[in-house]
Amino acid sequence: MTPSLTKRLLIISNRLPTVITQDQDEWSVKPGTGGLVTALAPVMRKNQGVWIGWPGCGDEAPLDKLLREFKDQQGYQLVPVPLSEEDVERYYRGFSNATIWPLFHDLLGFCRFDLTDWQAYNAVNQKFAAVVAEQGEKDDFIWVHDYQLMLVGAHLREMGIQDRLAFFLHIPFPSPDLFRRLPWKKSLIKGLLSYDQIGFQTLRDRRNFVQTATALLPEAEVVSRHRHHTLLKWGERVIKVGHYPISIDFDEFDEGARSHEVEDAAWYLHENLRGRQLVLGVDRLDYTKGIPERFLAFERALEKYPELIKRVSLLQVVVPSRTLVPDYADLKEQLDQLAGRINARFGQPEWLPIHYVFRCLKRVQLLARYRTSEIALITPLRDGMNLVAKEYCASSVENNGVLILSEFAGAADQLGKHALLVNPYDTDGTADAIYQAFTMDPEERRQRMTNLRSEIRRNDVHRWLRRFVESSEEED
Ligand code: ADQ
């Protein structure tokens with residue numbers, strides 16, 4: 001059940017939860033995909049909330065009309081923060097995606113440290129704060145999301161806003177040693193400490209943050225530690241630093257996967273497989289998701305266990321993402337080449353080892369693939385949570401899927417006991433897990449998947465929201 005909040009919910013995120021498209025002269029708007037949107041949309045609908053963010057389209061789009069249409073369709077209001085092309089280049093592609101994203105995912109080699117990017121990040125965060133100050137009403141629940149907007153709270157304080165401010169980080173928080181590499185480390189940590197509540201995905205992220213803050217700012221001190229949060233004192237203020245693992249709407253996936261449309265699509269897929277098992281990977285195009293490493297592990301499995309040949313295929317679905325950032329374009333190229341090479345090496349008439357699809361799937365098609373695949377191979381090098389792992393289990397209504405999961409995904413904390421955990425850098429270990437999943441007896445599959453499903457059912461997105469909001473309101 002979606003929790004009912006007493007306060008109006010103001011969500012602030014980099015992007016509005018929309019996809020705006022033009023087909024000849026016709027403009028249209030629909031809800032976007034991605035972890036944050038998937039998680040919050042049902043809550044916003046029930047709450048009549050307001051969502052503030054960058055619309056992601058140029059001036060030529062009839063934005064006001066489209067946002068009104070969205071409100072009529074989806075039941076909550078959107079307020080745009082317009083950004084210039086220079087803003088997008090420096091704040092979004094630059095500091096957010098070429099500095100913070102790789103640094104926070106432990107991939108220092110991908111980081112670019114550029115003063116102009118940092119200044120643009122600061123300025124755009126101030127722009128967001130100005131819109132929040134304009135839209136906010138007394139007693140709103142102001143909740144800023146994710147790594148693109150870590151300084152919004154600090155700018156709101158500068159503008160004199162005294163309300164409680166909350167922040168949730170969807171990606172991991174790195175160890176103090178990695179964070180220290182950032183030239184603007186103190187400003188960023190002080191910015192985060194402007195919020196009253198800071199939420200992370202896992203206990204490890206929360207600990208990393210507390211250790212980093214206390215190491216960088218000698219005047220910051222831990223007041224007390226509790227199971228789900230730490231209280232940190234900085235100046236006159238006490239900040240609650242908690243961990244709240246995000247989740248999915250379990251029922252929506254479970255019911256969706258049982259629908260007639262999905263059943264038909266799943267049956268059709270099954271017929272085409274002619275008794276072969278399907279190993280599924282579903283990801284945004286991103287170097288943190290470990291897709292090349294996954295292809296190599298699958299290749300190793302075919303090498304090491306020849307009985308897998310012609311009896312199993314890897315279906316890898318990749319949603320195009322950030323394709324204008326050079327590292328992402330390179331990754332796409334690398335995947336094309338790897339899939340081509342492995343298919344040329346092992347492929348036979350009527351059997352391809354890797355089916356690689358580069359597009360966003362419609363919901364029915366996504367659920368049909370979740371439901372049909374006997375194995376999910378989810379092997380990010382590092383991931384805040386990874387909702388695909390949870391969506392796969394919730395859609396595995398036949399209770400016969402096996403989840404192979406990276407130990408470096410936040411989801412491993414909750415699902416690790418019943419999934420097959422792997423180190424994505426360990427090609428042989430991952431190949432062994434593929435073989436173990438392939439040969440797992442039906443009873444063990446059923447038992448593991450039943451446990452995974454009940455864990456996700458119990459800790460769904462509504463509980464996540466309730467925990468975050470209640471934790472914000474409770475007295476310490
Ligand atoms: P993401 O990095 O986007 O999210 P993830 O949690 O896996 O990663 O969510 C991806 C979403 O996109 C899923 O809901 C999935 O269904 C959808 N999706 C992926 N491929 C698709 C395809 N081909 N077609 C259609 N839909 C597709 C960020 C963090 C994560 C964190 C989430 C939520 O990086 O670590 O789990 O936020 O906090």
# chains A, B, ... in the order shown; residues from 1 in each chain; ligands from 1

call {"tool": "residues_near_ligand", "arguments": {"ligand": "ligand 1", "cutoff": "9 Å", "atoms": "only C-alpha atoms and all ligand atoms", "output": "ChimeraX atom specification"}}
result
/A:33-39,146,168-172,201,245-248,281-286,288-289,316-320,357-363,365-367,382-392,409-411

call {"tool": "select_by_dssp", "arguments": {"residues": "segment 326-464 of chain A", "states": "alpha helix (DSSP H)", "output": "ChimeraX atom specification"}}
result
/A:326-346,363-372,387-395,412-415,427-439,442-458,461-464

call {"tool": "residues_around", "arguments": {"residues": "Glu252 of chain A", "least_positions_apart": "3", "cutoff": "12 Å", "atoms": "only C-alpha atoms", "output": "PyMOL selection string"}}
result
chain A and resi 1+38-39+42+248-249+255-259+363+367+391+394-395+457+460-462

call {"tool": "closest_residue", "arguments": {"among": "A:Leu324, A:Ala433, A:Val262, A:Leu314", "to": "Tyr356 of chain A", "atoms": "only C-alpha atoms"}}
result
A:Leu314

call {"tool": "residues_around", "arguments": {"residues": "segment 182-193 of chain A", "least_positions_apart": "6", "cutoff": "10 Å", "atoms": "only C-alpha atoms", "output": "compact mmCIF listing (two decimals) with N, CA, C and O atoms, in the first residue's frame"}}
result
# COMPACT_ATOMS: atom_id res chain seq x y z
N THR A 99 32.49 13.18 -13.55
CA THR A 99 33.28 13.28 -12.31
C THR A 99 32.63 12.45 -11.21
O THR A 99 33.16 11.42 -10.78
N ILE A 100 31.43 12.88 -10.77
CA ILE A 100 30.81 12.22 -9.62
C ILE A 100 30.43 10.77 -9.94
O ILE A 100 30.69 9.86 -9.13
N LEU A 103 33.49 8.49 -9.97
CA LEU A 103 34.16 8.51 -8.66
C LEU A 103 33.34 7.72 -7.63
O LEU A 103 33.89 6.91 -6.87
N CYS A 111 37.37 9.33 -14.34
CA CYS A 111 37.03 10.67 -13.81
C CYS A 111 37.74 11.80 -14.53
O CYS A 111 38.93 11.71 -14.81
N ARG A 112 36.98 12.89 -14.75
CA ARG A 112 37.61 14.13 -15.24
C ARG A 112 37.37 15.17 -14.16
O ARG A 112 36.26 15.30 -13.64
N PHE A 113 38.45 15.87 -13.75
CA PHE A 113 38.32 16.91 -12.72
C PHE A 113 38.55 18.27 -13.37
O PHE A 113 39.67 18.55 -13.81
N ASP A 114 37.50 19.07 -13.46
CA ASP A 114 37.59 20.31 -14.23
C ASP A 114 36.87 21.42 -13.46
O ASP A 114 35.68 21.29 -13.14
N LEU A 115 37.60 22.49 -13.19
CA LEU A 115 37.06 23.58 -12.36
C LEU A 115 35.80 24.19 -12.97
O LEU A 115 34.84 24.50 -12.27
N TRP A 118 32.84 22.10 -12.24
CA TRP A 118 32.43 22.24 -10.83
C TRP A 118 31.64 23.54 -10.62
O TRP A 118 30.61 23.57 -9.97
N ASN A 122 27.70 23.97 -9.40
CA ASN A 122 27.29 24.83 -8.31
C ASN A 122 26.19 25.81 -8.77
O ASN A 122 25.15 25.97 -8.11
N LEU A 149 22.38 16.81 -7.66
CA LEU A 149 21.81 17.95 -6.92
C LEU A 149 22.25 18.01 -5.45
O LEU A 149 21.51 18.46 -4.59
N MET A 150 23.47 17.59 -5.18
CA MET A 150 23.92 17.50 -3.79
C MET A 150 24.00 18.88 -3.11
O MET A 150 23.96 18.96 -1.89
N LEU A 151 24.15 19.97 -3.91
CA LEU A 151 24.31 21.29 -3.30
C LEU A 151 23.03 22.12 -3.23
O LEU A 151 23.07 23.28 -2.81
N VAL A 152 21.90 21.56 -3.65
CA VAL A 152 20.64 22.33 -3.61
C VAL A 152 20.32 22.75 -2.18
O VAL A 152 19.92 23.88 -1.92
N GLY A 153 20.52 21.84 -1.23
CA GLY A 153 20.23 22.13 0.18
C GLY A 153 21.03 23.34 0.66
O GLY A 153 20.49 24.24 1.32
N ALA A 154 22.33 23.37 0.33
CA ALA A 154 23.18 24.47 0.78
C ALA A 154 22.67 25.80 0.21
O ALA A 154 22.64 26.82 0.91
N HIS A 155 22.25 25.80 -1.05
CA HIS A 155 21.74 27.04 -1.65
C HIS A 155 20.41 27.45 -1.03
O HIS A 155 20.14 28.64 -0.85
N ARG A 157 19.57 26.93 2.03
CA ARG A 157 19.93 27.55 3.33
C ARG A 157 20.40 28.98 3.12
O ARG A 157 20.01 29.88 3.88
N ALA A 166 15.41 17.06 3.05
CA ALA A 166 15.87 15.68 2.97
C ALA A 166 16.55 15.42 1.64
O ALA A 166 16.25 16.06 0.62
N PHE A 167 17.48 14.47 1.67
CA PHE A 167 18.23 14.13 0.45
C PHE A 167 18.39 12.61 0.38
O PHE A 167 18.61 11.96 1.41
N PHE A 209 30.02 7.54 4.20
CA PHE A 209 29.74 8.97 4.32
C PHE A 209 30.14 9.50 5.70
O PHE A 209 30.80 10.54 5.81
N THR A 212 33.83 9.72 6.01
CA THR A 212 34.38 10.79 5.17
C THR A 212 34.13 12.15 5.83
O THR A 212 35.03 12.99 5.94
N ALA A 213 32.89 12.37 6.28
CA ALA A 213 32.53 13.68 6.87
C ALA A 213 33.36 13.94 8.12
O ALA A 213 33.90 15.04 8.29
N THR A 214 33.51 12.93 8.98
CA THR A 214 34.24 13.18 10.23
C THR A 214 35.74 13.31 9.98
O THR A 214 36.44 13.99 10.71
N LEU A 216 37.08 14.64 7.14
CA LEU A 216 37.36 15.90 6.45
C LEU A 216 37.05 17.12 7.30
O LEU A 216 37.66 18.18 7.13
N LEU A 217 36.07 16.99 8.20
CA LEU A 217 35.64 18.15 9.00
C LEU A 217 35.82 17.79 10.47
O LEU A 217 34.95 17.15 11.06
N ALA A 220 32.92 18.02 12.83
CA ALA A 220 31.74 17.15 12.71
C ALA A 220 31.95 15.94 13.62
O ALA A 220 33.02 15.34 13.62
N LEU A 232 24.68 12.83 13.38
CA LEU A 232 25.95 13.52 13.19
C LEU A 232 25.76 14.98 13.57
O LEU A 232 24.82 15.62 13.09
N LYS A 233 26.64 15.51 14.43
CA LYS A 233 26.50 16.92 14.82
C LYS A 233 27.51 17.75 14.02
O LYS A 233 28.69 17.38 13.94
N TRP A 234 27.03 18.82 13.45
CA TRP A 234 27.93 19.73 12.73
C TRP A 234 27.48 21.15 13.04
O TRP A 234 26.37 21.54 12.68
N ARG A 237 23.75 22.06 14.25
CA ARG A 237 22.72 21.18 13.69
C ARG A 237 23.06 19.72 13.89
O ARG A 237 24.23 19.32 13.92
N VAL A 238 21.98 18.90 14.05
CA VAL A 238 22.16 17.46 14.14
C VAL A 238 21.53 16.85 12.89
O VAL A 238 20.38 17.12 12.56
N ILE A 239 22.30 16.05 12.17
CA ILE A 239 21.85 15.51 10.89
C ILE A 239 21.65 14.01 11.02
O ILE A 239 22.51 13.31 11.58
N LYS A 240 20.53 13.55 10.49
CA LYS A 240 20.26 12.11 10.54
C LYS A 240 20.79 11.47 9.25
O LYS A 240 20.38 11.85 8.15
N VAL A 241 21.70 10.53 9.40
CA VAL A 241 22.28 9.87 8.23
C VAL A 241 21.84 8.41 8.27
O VAL A 241 22.26 7.66 9.15

call {"tool": "select_by_dssp", "arguments": {"residues": "segment 242-401 of chain A", "states": "strand (DSSP E or B)", "output": "PyMOL selection string"}}
result
chain A and resi 242-243+277-284+312-319+348+351+354-358+375-378+383

call {"tool": "write_last_selection", "arguments": {"atoms": "C-alpha atoms", "output": "CSV table (one decimal), in the first residue's frame"}}
result
chain,number,residue,atom,x,y,z
A,242,GLY,CA,20.4,6.7,7.4
A,243,HIS,CA,20.3,3.8,5.0
A,277,GLN,CA,17.4,-21.9,-21.4
A,278,LEU,CA,17.5,-18.1,-21.6
A,279,VAL,CA,20.0,-16.1,-19.6
A,280,LEU,CA,18.8,-12.5,-19.3
A,281,GLY,CA,20.7,-9.2,-18.9
A,282,VAL,CA,18.8,-5.9,-18.8
A,283,ASP,CA,20.7,-2.6,-18.3
A,284,ARG,CA,21.0,1.0,-19.2
A,312,VAL,CA,21.5,-21.8,-23.5
A,313,SER,CA,21.5,-18.2,-25.0
A,314,LEU,CA,22.3,-14.9,-23.4
A,315,LEU,CA,19.7,-12.2,-24.2
A,316,GLN,CA,21.2,-8.8,-23.4
A,317,VAL,CA,18.9,-5.8,-23.6
A,318,VAL,CA,20.5,-2.4,-23.4
A,319,VAL,CA,18.6,0.9,-23.1
A,348,GLN,CA,25.8,-22.4,-35.3
A,351,TRP,CA,21.7,-21.1,-32.5
A,354,ILE,CA,24.3,-13.8,-27.6
A,355,HIS,CA,21.2,-11.9,-28.7
A,356,TYR,CA,22.1,-8.3,-28.1
A,357,VAL,CA,19.3,-5.8,-28.4
A,358,PHE,CA,20.0,-2.1,-28.1
A,375,ILE,CA,18.4,-17.2,-15.3
A,376,ALA,CA,19.1,-13.5,-14.8
A,377,LEU,CA,22.7,-12.4,-15.0
A,378,ILE,CA,23.0,-9.1,-13.2
A,383,ASP,CA,25.6,-0.3,-8.4

call {"tool": "closest_residue", "arguments": {"among": "A:Ser472, A:Gly340, A:Gln77, A:Trp54", "to": "Tyr195 of chain A", "atoms": "only C-alpha atoms"}}
result
A:Ser472

call {"tool": "residues_around", "arguments": {"residues": "Asp426 of chain A", "least_positions_apart": "3", "cutoff": "12 Å", "atoms": "only C-alpha atoms", "output": "number ranges by chain"}}
result
A: 290, 293-294, 296-298, 300, 379, 381, 406-407, 421-423, 429-433
